[in-house]
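Shown below: model-v1.tsv, with TSV, C-alpha atoms.
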chain	number	residue	atom	x	y	z
A	10	MET	CA	118.03	58.42	38.35
A	11	SER	CA	116.23	55.59	36.63
A	12	ALA	CA	117.21	52.01	37.24
A	13	THR	CA	119.31	50.35	34.52
A	14	LYS	CA	117.62	47.45	32.79
A	15	PRO	CA	119.66	44.26	32.27
A	16	SER	CA	120.34	43.32	28.65
A	17	CYS	CA	119.22	39.73	29.35
A	18	ASP	CA	118.11	37.51	32.20
A	19	CYS	CA	120.65	34.69	32.02
A	20	ARG	CA	119.02	32.69	34.82
A	21	LEU	CA	115.75	32.65	32.88
A	22	ALA	CA	117.53	31.44	29.76
A	23	VAL	CA	119.36	28.64	31.64
A	24	SER	CA	116.09	27.52	33.22
A	25	PHE	CA	114.41	27.48	29.82
A	26	PHE	CA	117.10	25.26	28.28
A	27	ARG	CA	117.06	22.86	31.24
A	28	ASN	CA	113.31	22.44	30.93
A	29	HIS	CA	113.67	21.59	27.22
A	30	SER	CA	116.88	19.53	27.34
A	31	ASN	CA	115.13	16.38	26.21
A	32	GLU	CA	114.26	18.08	22.95
A	33	PHE	CA	117.92	18.10	22.00
A	34	GLN	CA	118.19	14.28	22.02
A	35	ASN	CA	118.53	12.46	18.68
A	36	GLY	CA	116.86	13.59	15.42
A	37	GLY	CA	115.61	17.02	14.51
A	38	ILE	CA	118.16	18.76	16.72
A	39	THR	CA	118.63	21.74	14.38
A	40	MET	CA	114.95	22.56	14.14
A	41	LYS	CA	114.49	21.96	17.84
A	42	LEU	CA	117.45	24.17	18.67
A	43	ARG	CA	116.10	27.01	16.57
A	44	SER	CA	112.68	26.66	18.15
A	45	VAL	CA	114.04	26.63	21.66
A	46	LEU	CA	116.37	29.56	20.99
A	47	ALA	CA	113.48	31.61	19.65
A	48	GLY	CA	111.38	30.74	22.66
A	49	ALA	CA	114.17	31.71	25.04
A	50	VAL	CA	114.66	35.07	23.34
A	51	LEU	CA	110.94	35.81	23.55
A	52	ALA	CA	110.81	34.84	27.20
A	53	VAL	CA	113.79	36.99	28.11
A	54	THR	CA	112.42	39.94	26.11
A	55	ALA	CA	109.09	39.72	27.88
A	56	ALA	CA	110.76	39.59	31.28
A	57	VAL	CA	112.89	42.65	30.54
A	58	ALA	CA	109.94	44.62	29.13
A	59	ALA	CA	107.91	43.89	32.24
A	60	GLN	CA	110.56	45.36	34.56
A	61	ALA	CA	109.39	48.66	36.03
A	62	GLU	CA	111.55	51.77	36.07
A	63	ASN	CA	112.45	53.73	39.19
A	64	TRP	CA	112.38	57.50	38.59
A	65	LYS	CA	113.16	60.56	40.72
A	66	LEU	CA	110.57	63.37	40.70
A	67	ALA	CA	110.92	67.02	41.84
A	68	VAL	CA	108.56	70.00	42.05
A	69	THR	CA	110.32	73.37	41.81
A	70	ASP	CA	108.05	75.53	43.96
A	71	VAL	CA	107.62	73.08	46.87
A	72	GLU	CA	110.35	73.01	49.50
A	73	GLY	CA	110.84	70.08	51.84
A	74	MET	CA	109.91	66.41	51.66
A	75	GLU	CA	106.97	66.79	54.03
A	76	ARG	CA	105.23	69.34	51.81
A	77	LEU	CA	106.01	67.29	48.71
A	78	GLN	CA	104.38	64.21	50.16
A	79	LEU	CA	101.38	66.15	51.45
A	80	GLU	CA	100.65	68.30	48.40
A	81	TRP	CA	101.86	66.05	45.58
A	82	GLY	CA	101.60	62.56	47.10
A	83	PRO	CA	98.25	61.80	45.39
A	84	PHE	CA	99.76	62.84	42.04
A	85	LYS	CA	102.74	60.52	42.58
A	86	GLU	CA	100.42	57.63	43.41
A	87	ALA	CA	98.31	58.27	40.31
A	88	LEU	CA	101.47	58.51	38.20
A	89	GLU	CA	102.73	55.17	39.48
A	90	ALA	CA	99.37	53.51	38.85
A	91	ALA	CA	99.25	54.91	35.29
A	92	THR	CA	102.82	54.00	34.29
A	93	GLY	CA	103.58	50.91	36.34
A	94	ASP	CA	106.84	52.61	37.31
A	95	THR	CA	108.03	53.81	40.70
A	96	PHE	CA	108.46	57.54	41.33
A	97	GLU	CA	110.50	58.72	44.32
A	98	PHE	CA	110.28	62.34	45.46
A	99	PHE	CA	113.47	64.40	45.26
A	100	ALA	CA	113.16	67.57	47.35
A	101	VAL	CA	114.79	70.75	46.00
A	102	ASN	CA	115.05	74.03	47.89
A	103	SER	CA	115.41	76.28	44.85
A	104	ARG	CA	115.06	76.45	41.09
A	105	THR	CA	118.86	76.34	40.85
A	106	ALA	CA	118.91	73.11	42.87
A	107	ALA	CA	116.42	71.56	40.45
A	108	ALA	CA	118.62	72.51	37.49
A	109	GLU	CA	121.71	71.10	39.17
A	110	ALA	CA	119.89	67.85	39.98
A	111	LEU	CA	118.84	67.46	36.34
A	112	ARG	CA	122.34	68.25	35.14
A	113	GLY	CA	123.78	65.74	37.62
A	114	LYS	CA	121.23	63.09	36.60
A	115	THR	CA	119.99	62.73	40.17
A	116	VAL	CA	116.44	63.69	39.22
A	117	ASP	CA	114.56	62.56	36.11
A	118	PHE	CA	111.24	64.43	35.95
A	119	VAL	CA	110.44	67.92	37.25
A	120	VAL	CA	107.13	69.78	37.61
A	121	SER	CA	107.79	73.47	36.99
A	122	GLY	CA	106.49	76.79	35.69
A	123	PRO	CA	107.19	78.47	32.34
A	124	ALA	CA	109.79	80.98	33.58
A	125	GLU	CA	111.73	78.29	35.45
A	126	TYR	CA	111.59	75.96	32.46
A	127	VAL	CA	113.16	78.45	30.05
A	128	VAL	CA	116.26	78.75	32.26
A	129	ILE	CA	116.42	75.04	33.13
A	130	ASN	CA	116.18	74.15	29.44
A	131	LYS	CA	119.07	76.51	28.66
A	132	LEU	CA	121.20	75.03	31.45
A	133	THR	CA	120.37	71.33	31.10
A	134	ASN	CA	118.56	70.67	27.77
A	135	ALA	CA	115.60	69.24	29.69
A	136	THR	CA	112.42	69.28	27.58
A	137	PRO	CA	108.69	69.49	28.34
A	138	ILE	CA	106.52	66.42	27.76
A	139	ILE	CA	103.19	67.33	29.41
A	140	GLY	CA	101.56	70.75	29.74
A	141	LEU	CA	99.48	71.42	32.86
A	142	GLY	CA	96.77	73.48	31.19
A	143	ARG	CA	95.72	76.01	33.81
A	144	PRO	CA	92.41	77.76	33.04
A	145	ASP	CA	92.45	81.56	32.64
A	146	TYR	CA	96.19	81.76	33.20
A	147	HIS	CA	97.02	85.29	32.10
A	148	CYS	CA	98.22	88.61	33.50
A	149	ALA	CA	96.86	92.15	33.52
A	150	ILE	CA	97.80	95.78	34.10
A	151	VAL	CA	95.50	97.39	36.67
A	152	VAL	CA	95.02	101.08	37.54
A	153	ARG	CA	92.58	103.13	39.59
A	154	ALA	CA	89.54	104.14	37.58
A	155	ASP	CA	89.96	107.79	38.68
A	156	SER	CA	93.65	107.97	37.76
A	157	GLY	CA	93.22	109.40	34.29
A	158	ILE	CA	95.32	106.51	32.98
A	159	ASN	CA	93.47	104.85	30.13
A	160	THR	CA	96.16	103.26	27.97
A	161	VAL	CA	99.52	101.61	28.47
A	162	ASP	CA	101.18	104.63	26.88
A	163	ASP	CA	99.81	106.77	29.73
A	164	LEU	CA	102.07	104.85	32.12
A	165	LYS	CA	105.26	106.35	30.69
A	166	GLY	CA	107.24	107.81	33.58
A	167	LYS	CA	104.79	106.35	36.13
A	168	LYS	CA	105.41	104.00	39.04
A	169	VAL	CA	104.32	100.40	38.40
A	170	ALA	CA	104.37	97.60	40.97
A	171	PHE	CA	105.14	94.02	39.95
A	172	GLY	CA	105.14	90.80	41.95
A	173	ASP	CA	107.96	88.45	42.87
A	174	ILE	CA	111.12	88.89	40.83
A	175	GLY	CA	111.24	86.14	38.20
A	176	SER	CA	107.58	85.17	38.47
A	177	THR	CA	106.02	84.30	35.12
A	178	SER	CA	102.58	85.83	35.68
A	179	ASN	CA	103.42	88.50	38.27
A	180	MET	CA	106.54	90.04	36.72
A	181	LEU	CA	107.64	88.76	33.32
A	182	CYS	CA	104.18	88.63	31.77
A	183	PRO	CA	103.08	92.15	32.86
A	184	MET	CA	106.37	93.55	31.58
A	185	GLN	CA	105.81	91.76	28.28
A	186	VAL	CA	102.32	93.27	28.06
A	187	LEU	CA	103.82	96.75	28.40
A	188	ALA	CA	106.31	95.90	25.65
A	189	ASP	CA	103.53	94.52	23.45
A	190	TYR	CA	101.84	97.92	23.68
A	191	GLY	CA	105.04	99.80	22.84
A	192	LEU	CA	106.33	100.74	26.31
A	193	ASP	CA	109.87	99.81	27.39
A	194	PRO	CA	109.39	98.12	30.78
A	195	VAL	CA	113.04	98.69	31.69
A	196	ASN	CA	113.47	102.37	30.84
A	197	ASP	CA	110.02	103.96	30.40
A	198	ILE	CA	108.57	103.31	33.88
A	199	GLU	CA	109.64	103.33	37.51
A	200	LYS	CA	109.52	99.70	38.65
A	201	THR	CA	108.99	98.28	42.11
A	202	HIS	CA	108.61	94.68	43.24
A	203	THR	CA	106.48	93.61	46.17
A	204	SER	CA	103.82	91.09	47.16
A	205	ARG	CA	100.45	91.16	45.43
A	206	ASN	CA	98.58	92.28	48.55
A	207	ILE	CA	101.01	95.11	49.27
A	208	ALA	CA	100.92	96.22	45.62
A	209	HIS	CA	97.13	96.26	45.76
A	210	GLU	CA	97.14	98.42	48.90
A	211	ALA	CA	99.71	100.75	47.33
A	212	LEU	CA	97.53	101.16	44.24
A	213	LYS	CA	94.43	101.75	46.34
A	214	ASN	CA	96.23	104.45	48.32
A	215	GLY	CA	97.78	106.10	45.26
A	216	ASP	CA	101.36	105.17	46.18
A	217	VAL	CA	101.81	103.48	42.79
A	218	ASP	CA	100.11	104.28	39.51
A	219	ALA	CA	99.54	100.72	38.32
A	220	LEU	CA	100.22	97.12	39.17
A	221	GLY	CA	101.04	94.13	37.00
A	222	SER	CA	99.75	90.81	38.26
A	223	ASN	CA	98.34	87.40	37.54
A	224	ALA	CA	94.82	88.50	36.61
A	225	ASN	CA	92.87	85.85	38.51
A	226	SER	CA	95.00	86.20	41.62
A	227	TRP	CA	94.44	89.96	41.65
A	228	LEU	CA	90.69	89.48	41.15
A	229	ASN	CA	90.66	87.28	44.25
A	230	VAL	CA	92.23	90.14	46.21
A	231	ARG	CA	89.82	92.62	44.63
A	232	ALA	CA	86.81	90.50	45.61
A	233	LYS	CA	87.65	91.02	49.28
A	234	GLU	CA	87.39	94.82	48.92
A	235	THR	CA	83.82	95.04	50.18
A	236	ASP	CA	84.18	98.71	51.22
A	237	LEU	CA	84.98	99.91	47.71
A	238	PRO	CA	82.74	100.00	44.64
A	239	TYR	CA	83.68	97.30	42.16
A	240	GLY	CA	84.48	99.95	39.56
A	241	PHE	CA	87.17	101.56	41.74
A	242	PHE	CA	89.83	99.72	39.64
A	243	LYS	CA	90.08	98.91	35.97
A	244	MET	CA	92.28	96.73	33.75
A	245	ILE	CA	93.81	98.65	30.87
A	246	ALA	CA	95.63	95.71	29.27
A	247	ARG	CA	95.93	91.97	29.59
A	248	SER	CA	97.93	89.18	28.01
A	249	GLY	CA	96.72	86.18	26.12
A	250	ASP	CA	96.71	82.90	28.01
A	251	LEU	CA	100.23	82.04	29.13
A	252	PRO	CA	102.20	78.90	28.24
A	253	ASN	CA	101.45	76.04	30.60
A	254	ASP	CA	103.22	74.81	33.65
A	255	MET	CA	104.73	71.48	32.67
A	256	ILE	CA	106.29	68.17	33.51
A	257	MET	CA	109.77	68.22	32.03
A	258	VAL	CA	112.15	65.33	31.53
A	259	GLY	CA	115.92	65.32	31.90
A	260	ALA	CA	118.08	65.02	28.79
A	261	HIS	CA	119.64	61.84	30.23
A	262	VAL	CA	116.33	59.91	30.23
A	263	PRO	CA	116.01	57.69	27.13
A	264	ALA	CA	113.54	59.09	24.62
A	265	GLU	CA	111.48	55.90	24.51
A	266	ALA	CA	111.13	55.89	28.29
A	267	ALA	CA	110.05	59.55	28.35
A	268	GLU	CA	107.52	58.83	25.58
A	269	ALA	CA	106.13	55.88	27.55
A	270	VAL	CA	105.56	58.08	30.61
A	271	LYS	CA	103.99	60.79	28.46
A	272	SER	CA	101.60	58.34	26.79
A	273	ALA	CA	100.60	56.79	30.10
A	274	ILE	CA	99.78	60.23	31.55
A	275	LEU	CA	97.66	61.24	28.57
A	276	GLU	CA	95.84	57.89	28.56
A	277	ASN	CA	95.06	58.24	32.27
A	278	LYS	CA	94.61	62.01	32.49
A	279	ASP	CA	91.48	61.93	34.67
A	280	SER	CA	93.22	60.10	37.51
A	281	ILE	CA	96.39	62.19	37.11
A	282	ILE	CA	94.40	65.44	37.28
A	283	ALA	CA	92.54	64.18	40.34
A	284	GLY	CA	95.89	63.49	41.99
A	285	ILE	CA	97.24	66.97	41.21
A	286	THR	CA	94.12	68.77	42.45
A	287	ALA	CA	93.61	66.61	45.55
A	288	HIS	CA	95.30	69.16	47.84
A	289	GLU	CA	94.05	72.73	48.23
A	290	GLU	CA	97.54	74.14	47.62
A	291	ASN	CA	97.05	73.12	44.00
A	292	ASP	CA	93.67	74.81	43.57
A	293	LYS	CA	95.13	76.89	40.75
A	294	TYR	CA	94.94	73.71	38.66
A	295	VAL	CA	91.22	73.08	39.24
A	296	GLY	CA	89.60	72.84	35.81
A	297	MET	CA	92.92	71.97	34.16
A	298	ASP	CA	93.66	69.68	31.24
A	299	LEU	CA	96.80	67.70	30.46
A	300	VAL	CA	98.18	68.22	26.97
A	301	SER	CA	101.16	67.23	24.88
A	302	ILE	CA	103.50	70.19	24.53
A	303	GLU	CA	106.71	71.17	22.77
A	304	ASP	CA	109.60	73.50	23.61
A	305	SER	CA	108.52	76.09	21.02
A	306	ALA	CA	105.45	76.90	23.16
A	307	TYR	CA	107.82	78.75	25.51
A	308	ASP	CA	109.31	81.15	22.96
A	309	TYR	CA	106.88	83.82	24.24
A	310	VAL	CA	108.42	83.40	27.71
A	311	ARG	CA	111.88	83.84	26.20
A	312	SER	CA	110.61	87.10	24.73
A	313	MET	CA	109.48	88.11	28.23
A	314	TYR	CA	113.00	87.62	29.57
A	315	THR	CA	114.43	89.70	26.76
A	316	ASN	CA	112.01	92.59	27.29
A	317	ALA	CA	112.59	92.50	31.03
A	318	GLY	CA	116.31	93.03	30.41
A	319	PHE	CA	117.55	89.44	30.71
A	320	PRO	CA	118.14	88.31	27.11
A	321	GLN	CA	120.41	85.38	27.96
A	322	PHE	CA	117.79	83.65	30.19
A	323	ASP	CA	120.56	81.48	31.61
A	324	ASN	CA	120.13	82.58	35.23
A	325	PHE	CA	117.14	82.59	37.55
A	326	ILE	CA	116.12	86.21	38.09
A	327	GLY	CA	116.24	87.05	41.76
A	328	ASP	CA	118.34	84.08	42.88
As structure tokens - that is how I would like this structure written.
Amino acid sequence: MSATKPSCDCRLAVSFFRNHSNEFQNGGITMKLRSVLAGAVLAVTAAVAAQAENWKLAVTDVEGMERLQLEWGPFKEALEAATGDTFEFFAVNSRTAAAEALRGKTVDFVVSGPAEYVVINKLTNATPIIGLGRPDYHCAIVVRADSGINTVDDLKGKKVAFGDIGSTSNMLCPMQVLADYGLDPVNDIEKTHTSRNIAHEALKNGDVDALGSNANSWLNVRAKETDLPYGFFKMIARSGDLPNDMIMVGAHVPAEAAEAVKSAILENKDSIIAGITAHEENDKYVGMDLVSIEDSAYDYVRSMYTNAGFPQFDNFIGD
């Protein structure tokens, strides 16, 4: 939780009056008093304004303090340099733990993904302040080129593999794509959930009829298939670019303090981006931008939850 600023620095005020005590002798005392009082107020205000905050920072998909320091340490250092504040890592072992920490005011800022944010916002009223603009962040529906499946409607009654339960780009987004094309992803297909690599192998072998995945991540898997012609697979549908990952702020953090952090990040985005992308585990952010973002940007993700059969979006799917 952030440090509490004092309302005034009494020692500074006492020192100021001692240093100007001679000005209270004899004539002109009223004018002198007013002048000295004004000077004291300005001095105290400046001292309070200069005091740095101490914030707690969490990242939802990184477990353990060692990984946090290794993968996100450069980001924390860049954040401190940009804001003049201190940021202390707060390790969480689950999305639920991050929500509880925000609700308990033991963490102030959280880096998270769109699907996690929608639930955390519902549970804690935390809000996004900075979007981590990932390039080409979208999902796709992939089939074998020889399957005879050419449209989403052709998947009715077919077996479709999705990624991790609750994942924005590997589950919720592909299901939303099916819904966008008129297919009910809950009742019109046979769903299975597995890892991306296993889903790819299942599609290659004909054990599933299609897979829904983060498009770029699947293309990386596809690029390693040197024994197959590139046209062995085809995408029959894809989403638009997804809402950004984000830095969210707890509802307990004063609005002016959150705005100050936001402004400092945007004014120093080059160094902040360099900090985020310093470790290879964050390669997905290479080419990113940092943008101001509002809660309404995540209404599409709320629609994903609804179409996937979780209209309340007040629980983490799969937890």
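Distances here use all atoms listed in the file; by that measure, the residue among A:Lys168, A:Lys213, A:Lys65, A:Lys200 closest to A:Lys114 is A:Lys65.
The space separating atom CA of A:Ala90 from atom CA of A:Asp304 comes to 27.1 Å.
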Contact table stretch 259-311 of chain A vs stretch 145-161 of chain A, cut-off 12 Å, shortest pair per residue, only C-alpha atoms, as CSV:
residue,atom,partner,partner_atom,distance
A:Lys293,CA,A:Tyr146,CA,9.0
A:Tyr294,CA,A:Tyr146,CA,9.8
A:Val295,CA,A:Asp145,CA,10.8
A:Gly296,CA,A:Asp145,CA,9.7
A:Met297,CA,A:Asp145,CA,9.7
Give me, as a Markdown table, each residue of stretch 261-299 of chain A that comes within 12 Å of stretch 140-144 of chain A, together with its shortest interatomic pair and the distance in Å at one decimal, counting all atoms listed in the file, with rows ordered by chain and rising residue number.
| residue | atom | partner | partner_atom | distance |
| --- | --- | --- | --- | --- |
| A:Lys271 | CA | A:Gly140 | CA | 10.3 |
| A:Ile274 | CA | A:Gly140 | CA | 10.8 |
| A:Leu275 | CA | A:Gly140 | CA | 10.3 |
| A:Lys278 | CA | A:Leu141 | CA | 10.6 |
| A:Ile281 | CA | A:Leu141 | CA | 10.6 |
| A:Ile282 | CA | A:Leu141 | CA | 9.0 |
| A:Ile285 | CA | A:Leu141 | CA | 9.7 |
| A:Thr286 | CA | A:Leu141 | CA | 11.3 |
| A:Asn291 | CA | A:Arg143 | CA | 10.7 |
| A:Asp292 | CA | A:Arg143 | CA | 10.0 |
| A:Lys293 | CA | A:Arg143 | CA | 7.0 |
| A:Tyr294 | CA | A:Arg143 | CA | 5.4 |
| A:Val295 | CA | A:Arg143 | CA | 7.6 |
| A:Gly296 | CA | A:Pro144 | CA | 6.3 |
| A:Met297 | CA | A:Arg143 | CA | 4.9 |
| A:Asp298 | CA | A:Gly142 | CA | 4.9 |
| A:Leu299 | CA | A:Leu141 | CA | 5.2 |
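Taking only C-alpha atoms into account, A:Gly175 lies nearest to A:Glu125 out of the set A:Glu210, A:Glu125, A:Glu234, A:Asp218.
You can rank A:Val262, A:Ala267, A:Ala135, A:Val186 by their closest distance to A:Gly249 using only C-alpha atoms, and at the top of that list sits A:Val186.
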